[in-house]
$ cat my_file24.pdb   # PDB, C-alpha atoms
ATOM      1  CA  MET A 505     -57.196  69.868  14.996
ATOM      2  CA  THR A 506     -55.556  72.540  17.109
ATOM      3  CA  VAL A 507     -53.927  75.734  15.839
ATOM      4  CA  THR A 508     -51.519  77.903  17.828
ATOM      5  CA  VAL A 509     -50.507  81.415  16.793
ATOM      6  CA  ARG A 510     -48.045  83.684  18.514
ATOM      7  CA  ALA A 511     -48.227  87.487  18.242
ATOM      8  CA  PRO A 512     -45.809  90.149  19.470
ATOM      9  CA  ALA A 513     -45.935  93.071  21.844
ATOM     10  CA  LYS A 514     -45.259  96.543  20.516
ATOM     11  CA  VAL A 515     -43.516  99.684  21.629
ATOM     12  CA  ASN A 516     -44.492 103.057  20.224
ATOM     13  CA  VAL A 517     -41.252 104.784  19.288
ATOM     14  CA  GLN A 518     -43.356 107.771  18.291
ATOM     15  CA  LEU A 519     -46.910 108.486  19.374
ATOM     16  CA  SER A 520     -48.089 111.822  18.032
ATOM     17  CA  VAL A 521     -51.664 112.589  19.057
ATOM     18  CA  GLY A 522     -54.065 115.024  17.435
ATOM     19  CA  GLY A 523     -57.105 116.638  19.006
ATOM     20  CA  ALA A 524     -60.275 114.723  19.788
ATOM     21  CA  ARG A 525     -62.449 113.990  16.754
ATOM     22  CA  PRO A 526     -66.260 114.201  16.758
ATOM     23  CA  ASP A 527     -66.378 110.404  17.204
ATOM     24  CA  GLY A 528     -64.261 110.681  20.345
ATOM     25  CA  PHE A 529     -61.160 109.130  18.798
ATOM     26  CA  HIS A 530     -57.928 110.977  18.032
ATOM     27  CA  ASP A 531     -55.951 111.082  14.819
ATOM     28  CA  LEU A 532     -52.511 109.597  15.390
ATOM     29  CA  ALA A 533     -49.112 109.336  13.814
ATOM     30  CA  ASN A 534     -48.129 106.157  15.569
ATOM     31  CA  VAL A 535     -44.785 104.513  14.794
ATOM     32  CA  PHE A 536     -44.992 100.912  15.973
ATOM     33  CA  LEU A 537     -42.071  98.573  16.525
ATOM     34  CA  ALA A 538     -42.853  94.933  17.297
ATOM     35  CA  VAL A 539     -40.646  93.425  19.997
ATOM     36  CA  GLY A 540     -39.889  89.862  20.998
ATOM     37  CA  LEU A 541     -42.370  89.416  23.833
ATOM     38  CA  TYR A 542     -45.216  87.184  22.698
ATOM     39  CA  ASP A 543     -48.611  85.885  23.641
ATOM     40  CA  GLU A 544     -49.630  82.512  22.231
ATOM     41  CA  VAL A 545     -53.242  81.758  21.378
ATOM     42  CA  THR A 546     -54.437  78.194  20.757
ATOM     43  CA  VAL A 547     -57.851  77.456  19.250
ATOM     44  CA  THR A 548     -59.510  74.044  19.398
ATOM     45  CA  PRO A 549     -62.962  72.933  18.196
ATOM     46  CA  ALA A 550     -65.409  72.843  21.118
ATOM     47  CA  ASP A 551     -69.109  72.603  21.958
ATOM     48  CA  GLU A 552     -69.274  76.341  22.627
ATOM     49  CA  LEU A 553     -67.117  79.453  22.537
ATOM     50  CA  SER A 554     -64.943  79.713  25.635
ATOM     51  CA  VAL A 555     -61.755  81.500  26.697
ATOM     52  CA  THR A 556     -59.104  80.459  29.199
ATOM     53  CA  CYS A 557     -55.881  82.233  30.079
ATOM     54  CA  VAL A 558     -52.654  81.441  31.917
ATOM     55  CA  GLY A 559     -49.426  83.331  32.472
ATOM     56  CA  THR A 560     -48.464  86.878  33.338
ATOM     57  CA  ASP A 561     -51.374  88.757  35.000
ATOM     58  CA  ALA A 562     -53.830  86.166  33.654
ATOM     59  CA  ASP A 563     -56.271  86.981  36.440
ATOM     60  CA  GLN A 564     -56.786  90.425  34.872
ATOM     61  CA  VAL A 565     -57.811  89.061  31.461
ATOM     62  CA  PRO A 566     -61.567  88.942  30.711
ATOM     63  CA  LEU A 567     -62.786  85.465  29.797
ATOM     64  CA  ASP A 568     -66.072  86.469  28.162
ATOM     65  CA  VAL A 569     -67.035  87.903  24.776
ATOM     66  CA  THR A 570     -65.428  91.246  25.638
ATOM     67  CA  ASN A 571     -62.034  89.565  25.147
ATOM     68  CA  LEU A 572     -60.627  90.608  21.767
ATOM     69  CA  ALA A 573     -59.717  87.000  20.977
ATOM     70  CA  ALA A 574     -63.349  85.950  21.405
ATOM     71  CA  ARG A 575     -64.548  88.954  19.401
ATOM     72  CA  ALA A 576     -62.155  88.005  16.587
ATOM     73  CA  ALA A 577     -63.588  84.485  16.415
ATOM     74  CA  ILE A 578     -67.146  85.802  16.451
ATOM     75  CA  GLU A 579     -66.531  88.335  13.672
ATOM     76  CA  LEU A 580     -64.682  85.936  11.384
ATOM     77  CA  GLY A 581     -67.398  83.346  11.937
ATOM     78  CA  ARG A 582     -70.117  85.898  11.175
ATOM     79  CA  ARG A 583     -68.505  86.813   7.868
ATOM     80  CA  TYR A 584     -68.056  83.222   6.750
ATOM     81  CA  GLY A 585     -71.126  81.605   8.218
ATOM     82  CA  VAL A 586     -69.153  79.576  10.755
ATOM     83  CA  ASP A 587     -70.507  79.008  14.255
ATOM     84  CA  PRO A 588     -67.516  80.089  16.410
ATOM     85  CA  ARG A 589     -67.612  77.070  18.677
ATOM     86  CA  VAL A 590     -63.968  77.037  19.730
ATOM     87  CA  HIS A 591     -61.981  76.943  22.915
ATOM     88  CA  ILE A 592     -59.530  79.842  22.894
ATOM     89  CA  HIS A 593     -56.556  79.386  25.219
ATOM     90  CA  ILE A 594     -54.290  82.379  25.786
ATOM     91  CA  ALA A 595     -50.773  81.987  27.175
ATOM     92  CA  LYS A 596     -49.845  85.497  28.318
ATOM     93  CA  ASP A 597     -46.311  86.812  28.311
ATOM     94  CA  ILE A 598     -47.115  90.427  27.358
ATOM     95  CA  PRO A 599     -47.947  92.676  30.329
ATOM     96  CA  VAL A 600     -51.681  93.243  30.786
ATOM     97  CA  ALA A 601     -52.909  96.868  30.698
ATOM     98  CA  GLY A 602     -49.307  97.900  30.141
ATOM     99  CA  GLY A 603     -49.428  99.875  26.898
ATOM    100  CA  MET A 604     -47.797  97.071  24.891
ATOM    101  CA  ALA A 605     -50.952  95.898  23.070
ATOM    102  CA  GLY A 606     -51.198  92.462  24.647
ATOM    103  CA  GLY A 607     -54.958  92.317  24.184
ATOM    104  CA  SER A 608     -54.560  93.411  20.578
ATOM    105  CA  ALA A 609     -51.966  90.680  20.040
ATOM    106  CA  ASP A 610     -54.481  88.138  21.358
ATOM    107  CA  GLY A 611     -57.138  89.414  18.969
ATOM    108  CA  ALA A 612     -54.838  89.203  15.950
ATOM    109  CA  ALA A 613     -53.586  85.763  16.985
ATOM    110  CA  ALA A 614     -57.085  84.374  17.492
ATOM    111  CA  LEU A 615     -58.216  85.762  14.143
ATOM    112  CA  LEU A 616     -55.357  84.105  12.278
ATOM    113  CA  ALA A 617     -55.776  80.876  14.265
ATOM    114  CA  CYS A 618     -59.505  80.644  13.483
ATOM    115  CA  ASP A 619     -58.892  81.455   9.828
ATOM    116  CA  THR A 620     -56.415  78.577   9.728
ATOM    117  CA  LEU A 621     -58.599  76.181  11.734
ATOM    118  CA  TRP A 622     -61.730  76.826   9.679
ATOM    119  CA  GLY A 623     -59.987  77.082   6.316
ATOM    120  CA  THR A 624     -61.788  80.331   5.556
ATOM    121  CA  ASN A 625     -58.779  81.578   3.574
ATOM    122  CA  ALA A 626     -59.605  85.215   4.232
ATOM    123  CA  SER A 627     -57.413  87.614   2.303
ATOM    124  CA  ARG A 628     -54.787  89.658   4.132
ATOM    125  CA  GLY A 629     -56.852  92.735   3.396
ATOM    126  CA  GLU A 630     -59.970  91.247   4.958
ATOM    127  CA  LEU A 631     -58.071  90.092   8.032
ATOM    128  CA  LEU A 632     -56.703  93.620   8.442
ATOM    129  CA  GLU A 633     -60.212  95.023   8.018
ATOM    130  CA  ILE A 634     -61.496  92.800  10.814
ATOM    131  CA  CYS A 635     -58.487  93.742  12.941
ATOM    132  CA  ALA A 636     -59.295  97.433  12.496
ATOM    133  CA  GLU A 637     -62.863  96.800  13.651
ATOM    134  CA  LEU A 638     -61.546  95.083  16.774
ATOM    135  CA  GLY A 639     -59.198  97.894  17.827
ATOM    136  CA  SER A 640     -56.637 100.448  16.738
ATOM    137  CA  ASP A 641     -53.570  98.350  17.613
ATOM    138  CA  VAL A 642     -54.841  94.986  16.342
ATOM    139  CA  PRO A 643     -53.792  95.422  12.671
ATOM    140  CA  PHE A 644     -50.187  96.012  13.676
ATOM    141  CA  ALA A 645     -50.126  92.891  15.848
ATOM    142  CA  LEU A 646     -51.052  90.955  12.714
ATOM    143  CA  VAL A 647     -48.300  92.430  10.511
ATOM    144  CA  GLY A 648     -45.479  93.105  13.009
ATOM    145  CA  GLY A 649     -42.108  94.529  12.014
ATOM    146  CA  ALA A 650     -42.315  98.314  12.034
ATOM    147  CA  ALA A 651     -45.091 100.469  10.676
ATOM    148  CA  LEU A 652     -46.558 103.931  10.695
ATOM    149  CA  GLY A 653     -50.166 103.855  11.857
ATOM    150  CA  LEU A 654     -52.431 106.704  10.771
ATOM    151  CA  GLY A 655     -56.059 107.475  11.502
ATOM    152  CA  ARG A 656     -56.706 105.821  14.868
ATOM    153  CA  GLY A 657     -53.483 103.894  14.224
ATOM    154  CA  GLU A 658     -55.218 101.209  12.156
ATOM    155  CA  ARG A 659     -54.107 102.428   8.684
ATOM    156  CA  LEU A 660     -50.621 100.970   8.358
ATOM    157  CA  LYS A 661     -47.631 101.754   6.198
ATOM    158  CA  ALA A 662     -44.732  99.323   6.554
ATOM    159  CA  LEU A 663     -41.418 100.890   7.538
ATOM    160  CA  GLU A 664     -37.870  99.799   6.860
ATOM    161  CA  VAL A 665     -35.759  98.722   9.824
ATOM    162  CA  GLY A 666     -32.019  98.548   9.182
ATOM    163  CA  GLY A 667     -30.904  96.734  12.322
ATOM    164  CA  THR A 668     -31.878  95.286  15.679
ATOM    165  CA  PHE A 669     -32.930  97.553  18.529
ATOM    166  CA  HIS A 670     -32.504  96.375  22.111
ATOM    167  CA  TRP A 671     -35.070  97.301  24.740
ATOM    168  CA  VAL A 672     -35.808  96.943  28.432
ATOM    169  CA  PHE A 673     -39.417  97.061  29.645
ATOM    170  CA  ALA A 674     -40.378  97.717  33.252
ATOM    171  CA  SER A 675     -43.902  96.765  34.292
ATOM    172  CA  ALA A 676     -45.585  98.853  36.951
ATOM    173  CA  HIS A 677     -47.284  97.796  40.148
ATOM    174  CA  ARG A 678     -50.714  98.577  38.709
ATOM    175  CA  GLY A 679     -52.328  99.134  35.309
ATOM    176  CA  LEU A 680     -53.565 102.200  33.476
ATOM    177  CA  SER A 681     -56.723 102.497  31.419
ATOM    178  CA  THR A 682     -56.065 103.665  27.858
ATOM    179  CA  PRO A 683     -59.387 105.599  27.679
ATOM    180  CA  ALA A 684     -58.519 107.286  30.989
ATOM    181  CA  VAL A 685     -55.139 108.376  29.642
ATOM    182  CA  PHE A 686     -56.755 109.858  26.529
ATOM    183  CA  ARG A 687     -59.310 111.667  28.704
ATOM    184  CA  GLU A 688     -56.460 113.110  30.758
ATOM    185  CA  PHE A 689     -54.694 114.123  27.529
ATOM    186  CA  ASP A 690     -57.852 115.988  26.478
ATOM    187  CA  ARG A 691     -58.161 117.633  29.889
ATOM    188  CA  MET A 692     -54.534 118.768  29.885
ATOM    189  CA  ASN A 693     -54.875 120.169  26.369
ATOM    190  CA  GLU A 694     -58.266 121.832  26.753
ATOM    191  CA  GLY A 695     -58.288 125.103  24.822
ATOM    192  CA  VAL A 696     -54.941 124.274  23.171
ATOM    193  CA  ARG A 697     -54.676 124.084  19.387
ATOM    194  CA  ILE A 698     -53.105 120.689  18.721
ATOM    195  CA  PRO A 699     -51.272 120.369  15.401
ATOM    196  CA  GLU A 700     -51.970 117.566  12.974
ATOM    197  CA  PRO A 701     -49.880 114.528  13.967
ATOM    198  CA  VAL A 702     -47.060 113.637  11.591
ATOM    199  CA  ALA A 703     -44.239 111.106  11.682
ATOM    200  CA  SER A 704     -40.773 112.426  12.472
ATOM    201  CA  PRO A 705     -38.450 112.196   9.431
ATOM    202  CA  GLU A 706     -35.476 111.892  11.792
ATOM    203  CA  LEU A 707     -37.077 108.958  13.576
ATOM    204  CA  LEU A 708     -37.954 107.159  10.347
ATOM    205  CA  ALA A 709     -34.390 107.647   9.106
ATOM    206  CA  ALA A 710     -32.973 106.272  12.367
ATOM    207  CA  LEU A 711     -35.154 103.168  12.073
ATOM    208  CA  ALA A 712     -34.106 102.634   8.482
ATOM    209  CA  LYS A 713     -30.412 102.931   9.405
ATOM    210  CA  GLY A 714     -30.677 100.783  12.515
ATOM    211  CA  ASP A 715     -29.076 103.651  14.457
ATOM    212  CA  ALA A 716     -29.999 103.326  18.133
ATOM    213  CA  ALA A 717     -28.381 106.607  19.187
ATOM    214  CA  ALA A 718     -30.239 108.537  16.494
ATOM    215  CA  LEU A 719     -33.491 106.779  17.368
ATOM    216  CA  ALA A 720     -32.996 107.732  21.013
ATOM    217  CA  GLY A 721     -32.868 111.390  20.034
ATOM    218  CA  ALA A 722     -36.118 111.175  18.102
ATOM    219  CA  VAL A 723     -38.489 109.007  20.199
ATOM    220  CA  SER A 724     -41.541 110.771  21.600
ATOM    221  CA  ASN A 725     -44.901 110.043  23.201
ATOM    222  CA  ASP A 726     -47.575 112.731  23.405
ATOM    223  CA  LEU A 727     -49.507 110.615  25.924
ATOM    224  CA  GLN A 728     -46.609 110.504  28.369
ATOM    225  CA  PRO A 729     -47.539 113.683  30.285
ATOM    226  CA  ALA A 730     -51.083 112.365  30.743
ATOM    227  CA  ALA A 731     -49.834 108.968  31.891
ATOM    228  CA  LEU A 732     -47.467 110.606  34.368
ATOM    229  CA  SER A 733     -50.265 112.851  35.617
ATOM    230  CA  LEU A 734     -52.338 109.782  36.453
ATOM    231  CA  PHE A 735     -49.381 107.685  37.639
ATOM    232  CA  PRO A 736     -46.653 110.053  38.953
ATOM    233  CA  GLU A 737     -44.549 107.205  40.334
ATOM    234  CA  LEU A 738     -43.544 106.288  36.784
ATOM    235  CA  SER A 739     -41.179 109.263  36.832
ATOM    236  CA  ARG A 740     -38.999 107.389  39.326
ATOM    237  CA  THR A 741     -38.806 104.370  37.025
ATOM    238  CA  LEU A 742     -37.876 106.548  34.047
ATOM    239  CA  ALA A 743     -35.179 108.277  36.087
ATOM    240  CA  ALA A 744     -33.756 104.952  37.291
ATOM    241  CA  GLY A 745     -33.464 103.691  33.714
ATOM    242  CA  ARG A 746     -31.755 106.860  32.519
ATOM    243  CA  ALA A 747     -29.331 106.679  35.436
ATOM    244  CA  ALA A 748     -28.520 103.090  34.443
ATOM    245  CA  GLY A 749     -27.414 104.192  30.980
ATOM    246  CA  ALA A 750     -30.527 103.945  28.812
ATOM    247  CA  LEU A 751     -30.185 105.880  25.563
ATOM    248  CA  ALA A 752     -33.861 106.842  25.859
ATOM    249  CA  ALA A 753     -36.616 106.330  28.398
ATOM    250  CA  LEU A 754     -40.318 106.731  27.719
ATOM    251  CA  VAL A 755     -43.743 105.487  28.664
ATOM    252  CA  SER A 756     -44.842 102.787  26.228
ATOM    253  CA  GLY A 757     -48.057 103.907  24.532
ATOM    254  CA  SER A 758     -50.678 104.773  27.135
ATOM    255  CA  GLY A 759     -48.557 103.087  29.817
ATOM    256  CA  PRO A 760     -47.866 102.236  32.483
ATOM    257  CA  THR A 761     -45.061 100.026  31.130
ATOM    258  CA  THR A 762     -41.899 102.062  30.665
ATOM    259  CA  ALA A 763     -39.504 101.386  27.810
ATOM    260  CA  PHE A 764     -35.745 101.904  27.736
ATOM    261  CA  LEU A 765     -33.645 101.829  24.579
ATOM    262  CA  ALA A 766     -30.224 100.240  25.084
ATOM    263  CA  ARG A 767     -27.070 100.424  23.003
ATOM    264  CA  ASP A 768     -26.572  96.639  22.819
ATOM    265  CA  PRO A 769     -27.642  93.405  24.586
ATOM    266  CA  GLU A 770     -25.052  93.838  27.346
ATOM    267  CA  SER A 771     -26.291  97.353  28.090
ATOM    268  CA  ALA A 772     -29.862  96.073  28.129
ATOM    269  CA  ASP A 773     -28.944  93.444  30.726
ATOM    270  CA  ALA A 774     -27.229  96.080  32.873
ATOM    271  CA  ILE A 775     -30.204  98.430  32.689
ATOM    272  CA  ALA A 776     -32.561  95.565  33.531
ATOM    273  CA  GLY A 777     -30.515  94.676  36.584
ATOM    274  CA  ALA A 778     -30.447  98.271  37.798
ATOM    275  CA  LEU A 779     -34.178  98.707  37.305
ATOM    276  CA  SER A 780     -34.891  95.463  39.129
ATOM    277  CA  ALA A 781     -32.801  96.635  42.060
ATOM    278  CA  SER A 782     -34.343 100.124  42.076
ATOM    279  CA  GLY A 783     -37.610  99.033  43.665
ATOM    280  CA  THR A 784     -39.540 101.306  41.284
ATOM    281  CA  CYS A 785     -41.219  98.570  39.228
ATOM    282  CA  ARG A 786     -42.737  95.118  39.469
ATOM    283  CA  THR A 787     -40.874  93.120  36.824
ATOM    284  CA  VAL A 788     -38.320  93.871  34.145
ATOM    285  CA  ARG A 789     -37.992  92.289  30.703
ATOM    286  CA  THR A 790     -35.502  92.566  27.882
ATOM    287  CA  ALA A 791     -36.496  92.156  24.239
ATOM    288  CA  SER A 792     -35.332  93.162  20.784
ATOM    289  CA  GLY A 793     -37.070  94.304  17.633
ATOM    290  CA  ALA A 794     -38.260  94.403  15.008
ATOM    291  CA  ALA A 795     -40.130  91.127  15.586
ATOM    292  CA  PRO A 796     -42.458  89.298  13.189
ATOM    293  CA  GLY A 797     -46.209  89.682  13.382
ATOM    294  CA  ALA A 798     -48.788  86.998  14.140
ATOM    295  CA  THR A 799     -47.392  83.622  13.070
ATOM    296  CA  VAL A 800     -48.941  80.158  12.917
ATOM    297  CA  LEU A 801     -46.728  77.734  14.808
ATOM    298  CA  ALA A 802     -46.002  74.278  13.517
ATOM    299  CA  PRO A 803     -47.652  71.506  15.582
ATOM    300  CA  GLY A 804     -45.477  70.674  18.539
ATOM    301  CA  ALA A 805     -43.273  73.740  18.093
ATOM    302  CA  THR A 806     -41.654  75.173  21.192
ATOM    303  CA  VAL A 807     -41.261  78.930  21.233
ATOM    304  CA  LEU A 808     -38.358  80.323  23.176
ATOM    305  CA  VAL A 809     -39.376  83.819  24.181
ATOM    306  CA  PRO A 810     -36.429  86.277  24.142
ATOM    307  CA  GLY A 811     -35.652  87.900  27.442
ATOM    308  CA  ALA A 812     -36.350  86.731  30.954
ATOM    309  CA  THR A 813     -38.497  88.072  33.720
ATOM    310  CA  VAL A 814     -36.447  89.701  36.448
ATOM    311  CA  PRO A 815     -38.628  90.048  39.553
ATOM    312  CA  ALA A 816     -38.209  93.377  41.302
ATOM    313  CA  PRO A 817     -37.591  93.306  45.045
ATOM    314  CA  GLY A 818     -40.795  92.492  46.899
ATOM    315  CA  ALA A 819     -42.663  91.519  43.724
ATOM    316  CA  HIS A 820     -44.922  88.483  43.735
TER     317      HIS A 820
END

$ encode --input "my_file24.pdb" --output "C-alpha cells"
Amino acid sequence: MTVTVRAPAKVNVQLSVGGARPDGFHDLANVFLAVGLYDEVTVTPADELSVTCVGTDADQVPLDVTNLAARAAIELGRRYGVDPRVHIHIAKDIPVAGGMAGGSADGAAALLACDTLWGTNASRGELLEICAELGSDVPFALVGGAALGLGRGERLKALEVGGTFHWVFASAHRGLSTPAVFREFDRMNEGVRIPEPVASPELLAALAKGDAAALAGAVSNDLQPAALSLFPELSRTLAAGRAAGALAALVSGSGPTTAFLARDPESADAIAGALSASGTCRTVRTASGAAPGATVLAPGATVLVPGATVPAPGAH
C-alpha cells in the first residue's frame, strides 16, 4: 500500500513578534493563510526509513532524520509502537528556505500519510500535538485555511475567510535561515521594549469579508526589517512588485520569498510578468488562498497545482 498526502504553502499576512523568551523562542501573533502551492509526500512500506526528494530546489532538502517528514514518521511510530520502516518520497513545489513553510508542509503530510498507512487512527488533537513538537509552522500545514497562531505559532485558532485572495510569490536567488533572521531581529531590537504581539482587528475583519484592498492596508511582518538587513536586495523585488500594481508587498515570514497581494487573477498575472522581467528574482509563482490543509489523495489522483513557474531572466 502507498499513501500520498499533499500539504500547502503558507503566507503570513500578519507576523507580530514579541521579545525573546527565556527558552530562546518568541511569542507570536501569526496570521497564516494557506495558498495553493503544494508539496506531495508519498509513503511506502520499506526495509528501513529513507527519504528521497524531487522537484523545486530538491538538492537543498536534507534526506536524513533531520528532515521533518522523517521526524514525523519516527515520532508517530514511537507513540504507537510501530517501527517506522517507510520510504518517504517528497515532490517539492514549495520554495525551499523561502519562508513559506515547505519543510513544515512535508512534516504534516508525512505524519498524516503514516497515520493512514499504519492505521494508527490518531486523533486530530494528537496529530496537532505531534506537529507542534516538530515545529511552529507544522500544525498550520495540517489544518490549512486561515488561522491565528499564538505562542510560537503552534496554538491555532481557525479564522473565517470570506473570499479568495490572489497572490504572487517571487523566490530569491538564495535562501535565508529562519534562526538567523530571528537573531537579527533580536540584535536590531536590543534594549527596545517590544509590546506583546496581538492580531490586528482590521486584518481579521478584512479576511472575514474577503476584502483584498482592506487586507492590503493591514498586512504586516515584524521580521521584514531583519530579513532586509540580511538580504538587502529583496528591497528591489518589493519595489518592482509595487510598481507593477500589487496592492501590498511584503516578505513572506522569515523570507526570502516575497509576497504580493493582487486585486484579481488578471492583476496577479500582470504582476508576475513584470516581476519575471525585472531581473530581481529567480522564479515567480501565482497562487490563491485560502487553500485546504494536508489532504490524503485518492490512489491514482492527479493534482493540478494552481499557478505556473515563470523563470526570471537568467534563472536556471

$ resolve_selection --input "my_file24.pdb" --expression "the PyMOL selection byres ((chain A and resi 659) around 12)" --output "PDB file with C-alpha atoms, in the coordinates of the input"
ATOM      1  CA  ASP A 531     -55.951 111.082  14.819  1.00  0.00           C
ATOM      2  CA  LEU A 532     -52.511 109.597  15.390  1.00  0.00           C
ATOM      3  CA  ALA A 533     -49.112 109.336  13.814  1.00  0.00           C
ATOM      4  CA  ASN A 534     -48.129 106.157  15.569  1.00  0.00           C
ATOM      5  CA  VAL A 535     -44.785 104.513  14.794  1.00  0.00           C
ATOM      6  CA  PHE A 536     -44.992 100.912  15.973  1.00  0.00           C
ATOM      7  CA  GLY A 629     -56.852  92.735   3.396  1.00  0.00           C
ATOM      8  CA  LEU A 632     -56.703  93.620   8.442  1.00  0.00           C
ATOM      9  CA  GLU A 633     -60.212  95.023   8.018  1.00  0.00           C
ATOM     10  CA  CYS A 635     -58.487  93.742  12.941  1.00  0.00           C
ATOM     11  CA  ALA A 636     -59.295  97.433  12.496  1.00  0.00           C
ATOM     12  CA  GLU A 637     -62.863  96.800  13.651  1.00  0.00           C
ATOM     13  CA  GLY A 639     -59.198  97.894  17.827  1.00  0.00           C
ATOM     14  CA  SER A 640     -56.637 100.448  16.738  1.00  0.00           C
ATOM     15  CA  ASP A 641     -53.570  98.350  17.613  1.00  0.00           C
ATOM     16  CA  VAL A 642     -54.841  94.986  16.342  1.00  0.00           C
ATOM     17  CA  PRO A 643     -53.792  95.422  12.671  1.00  0.00           C
ATOM     18  CA  PHE A 644     -50.187  96.012  13.676  1.00  0.00           C
ATOM     19  CA  VAL A 647     -48.300  92.430  10.511  1.00  0.00           C
ATOM     20  CA  ALA A 651     -45.091 100.469  10.676  1.00  0.00           C
ATOM     21  CA  LEU A 652     -46.558 103.931  10.695  1.00  0.00           C
ATOM     22  CA  GLY A 653     -50.166 103.855  11.857  1.00  0.00           C
ATOM     23  CA  LEU A 654     -52.431 106.704  10.771  1.00  0.00           C
ATOM     24  CA  GLY A 655     -56.059 107.475  11.502  1.00  0.00           C
ATOM     25  CA  ARG A 656     -56.706 105.821  14.868  1.00  0.00           C
ATOM     26  CA  GLY A 657     -53.483 103.894  14.224  1.00  0.00           C
ATOM     27  CA  GLU A 658     -55.218 101.209  12.156  1.00  0.00           C
ATOM     28  CA  LEU A 660     -50.621 100.970   8.358  1.00  0.00           C
ATOM     29  CA  LYS A 661     -47.631 101.754   6.198  1.00  0.00           C
ATOM     30  CA  ALA A 662     -44.732  99.323   6.554  1.00  0.00           C
TER      31      ALA A 662
END

$ atom_distance --input "my_file24.pdb" --atom1 "CA of Met505 in chain A" --atom2 "CA of Gly540 in chain A"
27.1 Å

$ resolve_selection --input "my_file24.pdb" --expression "the PyMOL selection byres ((chain A and resi 510) around 10)" --output "PDB file with C-alpha atoms, in the coordinates of the input"
ATOM      1  CA  THR A 508     -51.519  77.903  17.828  1.00  0.00           C
ATOM      2  CA  VAL A 509     -50.507  81.415  16.793  1.00  0.00           C
ATOM      3  CA  ALA A 511     -48.227  87.487  18.242  1.00  0.00           C
ATOM      4  CA  PRO A 512     -45.809  90.149  19.470  1.00  0.00           C
ATOM      5  CA  LEU A 541     -42.370  89.416  23.833  1.00  0.00           C
ATOM      6  CA  TYR A 542     -45.216  87.184  22.698  1.00  0.00           C
ATOM      7  CA  ASP A 543     -48.611  85.885  23.641  1.00  0.00           C
ATOM      8  CA  GLU A 544     -49.630  82.512  22.231  1.00  0.00           C
ATOM      9  CA  VAL A 545     -53.242  81.758  21.378  1.00  0.00           C
ATOM     10  CA  THR A 546     -54.437  78.194  20.757  1.00  0.00           C
ATOM     11  CA  ILE A 594     -54.290  82.379  25.786  1.00  0.00           C
ATOM     12  CA  ALA A 595     -50.773  81.987  27.175  1.00  0.00           C
ATOM     13  CA  ALA A 609     -51.966  90.680  20.040  1.00  0.00           C
ATOM     14  CA  ASP A 610     -54.481  88.138  21.358  1.00  0.00           C
ATOM     15  CA  ALA A 612     -54.838  89.203  15.950  1.00  0.00           C
ATOM     16  CA  ALA A 613     -53.586  85.763  16.985  1.00  0.00           C
ATOM     17  CA  ALA A 614     -57.085  84.374  17.492  1.00  0.00           C
ATOM     18  CA  LEU A 616     -55.357  84.105  12.278  1.00  0.00           C
ATOM     19  CA  ALA A 617     -55.776  80.876  14.265  1.00  0.00           C
ATOM     20  CA  ALA A 645     -50.126  92.891  15.848  1.00  0.00           C
ATOM     21  CA  LEU A 646     -51.052  90.955  12.714  1.00  0.00           C
ATOM     22  CA  PRO A 796     -42.458  89.298  13.189  1.00  0.00           C
ATOM     23  CA  GLY A 797     -46.209  89.682  13.382  1.00  0.00           C
ATOM     24  CA  ALA A 798     -48.788  86.998  14.140  1.00  0.00           C
ATOM     25  CA  THR A 799     -47.392  83.622  13.070  1.00  0.00           C
ATOM     26  CA  VAL A 800     -48.941  80.158  12.917  1.00  0.00           C
ATOM     27  CA  LEU A 801     -46.728  77.734  14.808  1.00  0.00           C
ATOM     28  CA  VAL A 807     -41.261  78.930  21.233  1.00  0.00           C
TER      29      VAL A 807
END

$ resolve_selection --input "my_file24.pdb" --expression "the PyMOL selection byres ((chain A and resi 717) around 12)" --output "list in words"
Phe669, His670, Glu706, Leu707, Ala709, Ala710, Leu711, Lys713, Gly714, Asp715, Ala716, Ala718, Leu719, Ala720, Gly721, Ala722, Val723, Ala750, Leu751, Ala752, Leu765, Ala766, Arg767 and Asp768 of chain A

$ residues_around --input "my_file24.pdb" --residues "His677 in chain A" --least-positions-apart "2" --cutoff "10 Å" --atoms "all atoms listed in the file" --output "JSON, numbers by chain"
{"A": [674, 675, 679, 737, 738, 760, 761, 784, 785, 786, 787, 819]}

$ write_last_selection --input "my_file24.pdb" --atoms "C-alpha atoms" --output "mmCIF file, in the frame of the given file"
data_model
loop_
_atom_site.group_PDB
_atom_site.id
_atom_site.type_symbol
_atom_site.label_atom_id
_atom_site.label_comp_id
_atom_site.auth_asym_id
_atom_site.auth_seq_id
_atom_site.Cartn_x
_atom_site.Cartn_y
_atom_site.Cartn_z
ATOM 1 C CA ALA A 674 -40.378 97.717 33.252
ATOM 2 C CA SER A 675 -43.902 96.765 34.292
ATOM 3 C CA GLY A 679 -52.328 99.134 35.309
ATOM 4 C CA GLU A 737 -44.549 107.205 40.334
ATOM 5 C CA LEU A 738 -43.544 106.288 36.784
ATOM 6 C CA PRO A 760 -47.866 102.236 32.483
ATOM 7 C CA THR A 761 -45.061 100.026 31.130
ATOM 8 C CA THR A 784 -39.540 101.306 41.284
ATOM 9 C CA CYS A 785 -41.219 98.570 39.228
ATOM 10 C CA ARG A 786 -42.737 95.118 39.469
ATOM 11 C CA THR A 787 -40.874 93.120 36.824
ATOM 12 C CA ALA A 819 -42.663 91.519 43.724
#

$ atom_distance --input "my_file24.pdb" --atom1 "CA of Glu688 in chain A" --atom2 "CA of Asn725 in chain A"
14.1 Å

$ atom_distance --input "my_file24.pdb" --atom1 "CA of Leu680 in chain A" --atom2 "CA of Ala601 in chain A"
6.0 Å

$ residues_around --input "my_file24.pdb" --residues "Tyr584 in chain A" --least-positions-apart "6" --cutoff "10 Å" --atoms "all atoms listed in the file" --output "list in words"
Asp619, Trp622, Thr624, Asn625 and Ala626 of chain A

$ residues_near_point --input "my_file24.pdb" --point "(-46.6, 86.3, 30.8)" --cutoff "6 Å" --atoms "only C-alpha atoms" --output "PyMOL selection string"
chain A and resi 559-560+596-598

$ closest_residue --input "my_file24.pdb" --among "A:Ala513, A:Leu663, A:Leu779, A:Ala562" --to "Ala712 in chain A" --atoms "all atoms listed in the file"
A:Leu663

$ closest_residue --input "my_file24.pdb" --among "A:Ala605, A:Ala550, A:Ala743, A:Ala524" --to "Ser758 in chain A" --atoms "only C-alpha atoms"
A:Ala605
